[in-house]
Amino acid sequence: MPISQVYDVPDTAALQCHVGGRIALSGATVELHHYRFRGPQSAVFRSDRAFVDLALSHRPGRPRGTYGEHGSLRPLGEVLFVPAGYALNTEWGEGEQTSICCAFDAGDDDIGAVALEAALDVRSPPVREALVRLAREIEQPGWCSALLAQSLCDQMTIEIGRYLRRSAGPAERATGLTPAQVRRIDDLIAMPGKLPGVAEMARLCDLSTRHFFRMFRAATGTTLADYAAARRLAQARAMLAAARPPVKEIAWRCGFETPAAFSAAFRKAMGVTPTQYRQSVLR
């Protein structure tokens with residue numbers, strides 16, 4: 001079993017990590033990891049280099065983490081970032097997981113508490129998109145694969161830096177939605193069925209529609225449409241990690257009018273159909 005060059009994998013019989021592929025780049029290493037967890041898990045992840053992890057399948061259990069031994073545990077998102085030299089204390093459940101992981105030399109040396117908390121759940125569609133494309137390059141390398149992977153890594157590194165600065169900068173927080181307002185939008189997006197209208201979201205935040213759009217982008221770094229699509233994709237992946245509900249119901253819950261439309265959107269984002277994704281997770 002290849003040893004990970006991204007981070008120090010905890011040495012425990014209850015955690016197995018298989019490196020399914022690797023791309024070594026200038027200043028970065030990208031790996032595809034397949035995990036098997038036996039029983040409830042708790043571990044510390046650290047590396048001399050900064051690294052980012054995208055869960056391509058649902059993180060099992062109730063994944064939570066914190067930086068330092070005494071901080072309160074926070075939910076881990078689909079994408080998480082660990083700065084160089086930091087120790088991420090985590091806990092999660094039994095099951096299996098596939099992740100694309102990237103370690104790189106560039107990164108912020110001094111990260112404040114607010115940005116550290118944001119790093120546990122990196123809500124940046126550009127970062128996620130770059131990682132998904134890197135996973136595809138490992139699984140199906142094409143012409144100039146290393147050159148493309150290098151470009152994607154450089155893009156991802158820049159986008160992570162921008163995301164952390166937006167999270168930590170007082171000026172950005174003053175002109176963007178508050179964390180409480182973003183959570184309200186998250187709750188609306190999580191509701192099953194068609195997405196609420198923009199006017200309803202703006203009203204919930206006590207803002208005009210125009211001002212809401214501007215403040216939402218300042219807070220998240222992306223458009224409302226892209227943000228909602230990424231969140232609903234994460235919901236779909238979580239539901240597909242179990243044998244039920246059926247794909248038709250998942251399509252409705254995620255706001256698609258037909259299963260075919262859902263399947264097309266899912267395949268465009270993940271490279272496989274919902275059924276193929278479910279089969280790969282459950283096998």
# chains A, B, ... in the order shown; residues from 1 in each chain; ligands from 1

$ closest_atom_pairs --of "range 84-185 of chain A" --to "range 259-274 of chain A" --cutoff "9 Å" --atoms "only C-alpha atoms" --output "tab-separated table"
residue	atom	partner	partner_atom	distance
A:Glu129	CA	A:Ala269	CA	8.1
A:Val132	CA	A:Met270	CA	7.2
A:Arg136	CA	A:Gly271	CA	8.0

$ write_last_selection --atoms "C-alpha atoms" --output "short mmCIF file (atom, residue, chain, number, x, y, z; two decimals), in the first residue's frame"
data_model
loop_
_atom_site.label_atom_id
_atom_site.label_comp_id
_atom_site.auth_asym_id
_atom_site.auth_seq_id
_atom_site.Cartn_x
_atom_site.Cartn_y
_atom_site.Cartn_z
CA GLU A 129 -14.11 22.47 -9.13
CA VAL A 132 -12.74 17.49 -8.92
CA ARG A 136 -10.29 13.12 -13.00
#

$ select_by_dssp --residues "range 15-207 of chain A" --states "helix (DSSP H, G or I)" --output "number ranges by chain"
A: 113-119, 125-139, 145-168, 170-175, 179-190, 198-204

$ select_by_dssp --residues "range 40-279 of chain A" --states "strand (DSSP E)" --output "VMD selection string"
chain A and resid 41 to 46 50 to 55 64 to 67 74 to 75 79 to 82 87 to 92 95 to 104

$ residues_around --residues "Ser280 in chain A" --least-positions-apart "3" --cutoff "10 Å" --atoms "only C-alpha atoms" --output "NGL selection string"
:A and (57 or 98 or 241 or 272 or 274-277 or 283)

$ write_last_selection --atoms "C-alpha atoms" --output "CSV table (one decimal), in the first residue's frame"
chain,number,residue,atom,x,y,z
A,57,SER,CA,-18.0,10.6,-1.2
A,98,THR,CA,-12.9,8.6,-1.1
A,241,ALA,CA,-24.3,7.4,0.2
A,272,VAL,CA,-20.6,9.9,-13.1
A,274,PRO,CA,-26.1,9.4,-9.6
A,275,THR,CA,-26.7,5.6,-9.9
A,276,GLN,CA,-23.0,5.0,-10.7
A,277,TYR,CA,-22.0,7.2,-7.8
A,283,ARG,CA,-20.0,-1.6,-3.0

$ residues_around --residues "Ala24 in chain A" --least-positions-apart "3" --cutoff "12 Å" --atoms "only C-alpha atoms" --output "list in words"
Ser4, Gln5, Val6, Gly21, Gly27, Ala28, Thr29, Val30, Glu31, Cys102, Ala103, Phe104, Leu134, Ile138, Ser145, Ala146, Leu147, Ala149, Gln150 and Cys153 of chain A

$ write_last_selection --atoms "C-alpha atoms" --output "mmCIF file, in the first residue's frame"
data_model
loop_
_atom_site.group_PDB
_atom_site.id
_atom_site.type_symbol
_atom_site.label_atom_id
_atom_site.label_comp_id
_atom_site.auth_asym_id
_atom_site.auth_seq_id
_atom_site.Cartn_x
_atom_site.Cartn_y
_atom_site.Cartn_z
ATOM 1 C CA SER A 4 0.724 9.179 1.517
ATOM 2 C CA GLN A 5 3.025 12.060 0.633
ATOM 3 C CA VAL A 6 0.324 14.620 1.415
ATOM 4 C CA GLY A 21 -3.044 7.512 -7.610
ATOM 5 C CA GLY A 27 5.593 22.651 -5.226
ATOM 6 C CA ALA A 28 2.587 20.342 -4.883
ATOM 7 C CA THR A 29 1.523 16.703 -4.570
ATOM 8 C CA VAL A 30 -1.970 15.463 -5.442
ATOM 9 C CA GLU A 31 -3.287 12.070 -4.314
ATOM 10 C CA CYS A 102 -3.426 18.140 -2.378
ATOM 11 C CA ALA A 103 -0.393 19.311 -0.398
ATOM 12 C CA PHE A 104 1.393 22.462 -1.512
ATOM 13 C CA LEU A 134 -7.579 16.969 -10.443
ATOM 14 C CA ILE A 138 -5.455 11.072 -11.750
ATOM 15 C CA SER A 145 -1.965 16.074 -17.937
ATOM 16 C CA ALA A 146 0.861 17.319 -15.710
ATOM 17 C CA LEU A 147 0.662 20.820 -17.214
ATOM 18 C CA ALA A 149 -2.736 19.618 -13.093
ATOM 19 C CA GLN A 150 -0.113 22.261 -12.300
ATOM 20 C CA CYS A 153 -3.169 23.461 -8.357
#

$ closest_residue --among "A:Ala87, A:Leu56, A:Ile160, A:Met239" --to "Ser124 in chain A" --atoms "only C-alpha atoms"
A:Ile160

$ residues_around --residues "Ile111 in chain A" --least-positions-apart "6" --cutoff "12 Å" --atoms "only C-alpha atoms" --output "list in words"
Ala50, Tyr67, Phe81, Val82, Pro83, Ala84, Gly85, Tyr86, Glu117, Ala118, Ala119, Gly161, Leu164, Arg165, Ser167, Ala168 and Gly169 of chain A

$ residues_around --residues "Asp11 in chain A" --least-positions-apart "3" --cutoff "12 Å" --atoms "only C-alpha atoms" --output "ChimeraX atom specification"
/A:3-4,7-8,14-17,42-45

$ write_last_selection --atoms "C-alpha atoms" --output "PDB file, in the first residue's frame"
ATOM      1  CA  ILE A   3       2.385   5.781   1.772  1.00  0.00           C
ATOM      2  CA  SER A   4       0.724   9.179   1.517  1.00  0.00           C
ATOM      3  CA  TYR A   7       0.055  14.248   5.202  1.00  0.00           C
ATOM      4  CA  ASP A   8       0.922  11.901   8.052  1.00  0.00           C
ATOM      5  CA  ALA A  14      -9.000   1.003  12.612  1.00  0.00           C
ATOM      6  CA  LEU A  15      -8.061   3.390   9.771  1.00  0.00           C
ATOM      7  CA  GLN A  16      -6.882   2.159   6.400  1.00  0.00           C
ATOM      8  CA  CYS A  17      -5.784   4.587   3.682  1.00  0.00           C
ATOM      9  CA  SER A  42     -10.768  10.128  16.230  1.00  0.00           C
ATOM     10  CA  ALA A  43      -7.392  11.204  14.890  1.00  0.00           C
ATOM     11  CA  VAL A  44      -5.011  14.114  14.432  1.00  0.00           C
ATOM     12  CA  PHE A  45      -3.985  15.128  10.906  1.00  0.00           C
TER      13      PHE A  45
END

$ closest_residue --among "A:His18, A:Lys194, A:Arg203, A:Arg210" --to "Gly255 in chain A" --atoms "only C-alpha atoms"
A:Lys194

$ closest_residue --among "A:Arg49, A:Arg237, A:Arg183, A:Arg64" --to "Gln97 in chain A" --atoms "only C-alpha atoms"
A:Arg237

$ atom_distance --atom1 "CA of Ile185 in chain A" --atom2 "CA of Gly61 in chain A"
24.1 Å

$ residues_around --residues "Ala202 in chain A" --least-positions-apart "4" --cutoff "12 Å" --atoms "only C-alpha atoms" --output "MDAnalysis selection string"
chainID A and resid 177 181:182 184:185 188 196:198 206:216 224

$ write_last_selection --atoms "C-alpha atoms" --output "PDB file, in the first residue's frame"
ATOM      1  CA  LEU A 177     -23.549  39.043   4.904  1.00  0.00           C
ATOM      2  CA  GLN A 181     -27.338  35.496   7.577  1.00  0.00           C
ATOM      3  CA  VAL A 182     -25.340  32.956   5.548  1.00  0.00           C
ATOM      4  CA  ARG A 184     -30.210  31.332   7.141  1.00  0.00           C
ATOM      5  CA  ILE A 185     -29.551  31.014   3.420  1.00  0.00           C
ATOM      6  CA  LEU A 188     -33.340  27.652   2.932  1.00  0.00           C
ATOM      7  CA  PRO A 196     -37.003  29.800  -2.681  1.00  0.00           C
ATOM      8  CA  GLY A 197     -36.917  32.972  -4.742  1.00  0.00           C
ATOM      9  CA  VAL A 198     -34.192  35.572  -4.365  1.00  0.00           C
ATOM     10  CA  ASP A 206     -33.679  42.356   5.746  1.00  0.00           C
ATOM     11  CA  LEU A 207     -32.073  43.543   2.509  1.00  0.00           C
ATOM     12  CA  SER A 208     -33.157  44.700  -0.914  1.00  0.00           C
ATOM     13  CA  THR A 209     -32.615  42.187  -3.705  1.00  0.00           C
ATOM     14  CA  ARG A 210     -29.842  44.255  -5.271  1.00  0.00           C
ATOM     15  CA  HIS A 211     -28.046  44.796  -1.970  1.00  0.00           C
ATOM     16  CA  PHE A 212     -28.472  41.112  -1.084  1.00  0.00           C
ATOM     17  CA  PHE A 213     -26.724  39.987  -4.283  1.00  0.00           C
ATOM     18  CA  ARG A 214     -23.793  42.312  -3.623  1.00  0.00           C
ATOM     19  CA  MET A 215     -23.402  41.348   0.046  1.00  0.00           C
ATOM     20  CA  PHE A 216     -23.817  37.634  -0.679  1.00  0.00           C
ATOM     21  CA  LEU A 224     -25.905  32.753  -5.328  1.00  0.00           C
TER      22      LEU A 224
END

$ closest_residue --among "A:Leu76, A:Ala199, A:Cys144, A:Ala55" --to "Tyr35 in chain A" --atoms "only C-alpha atoms"
A:Ala55
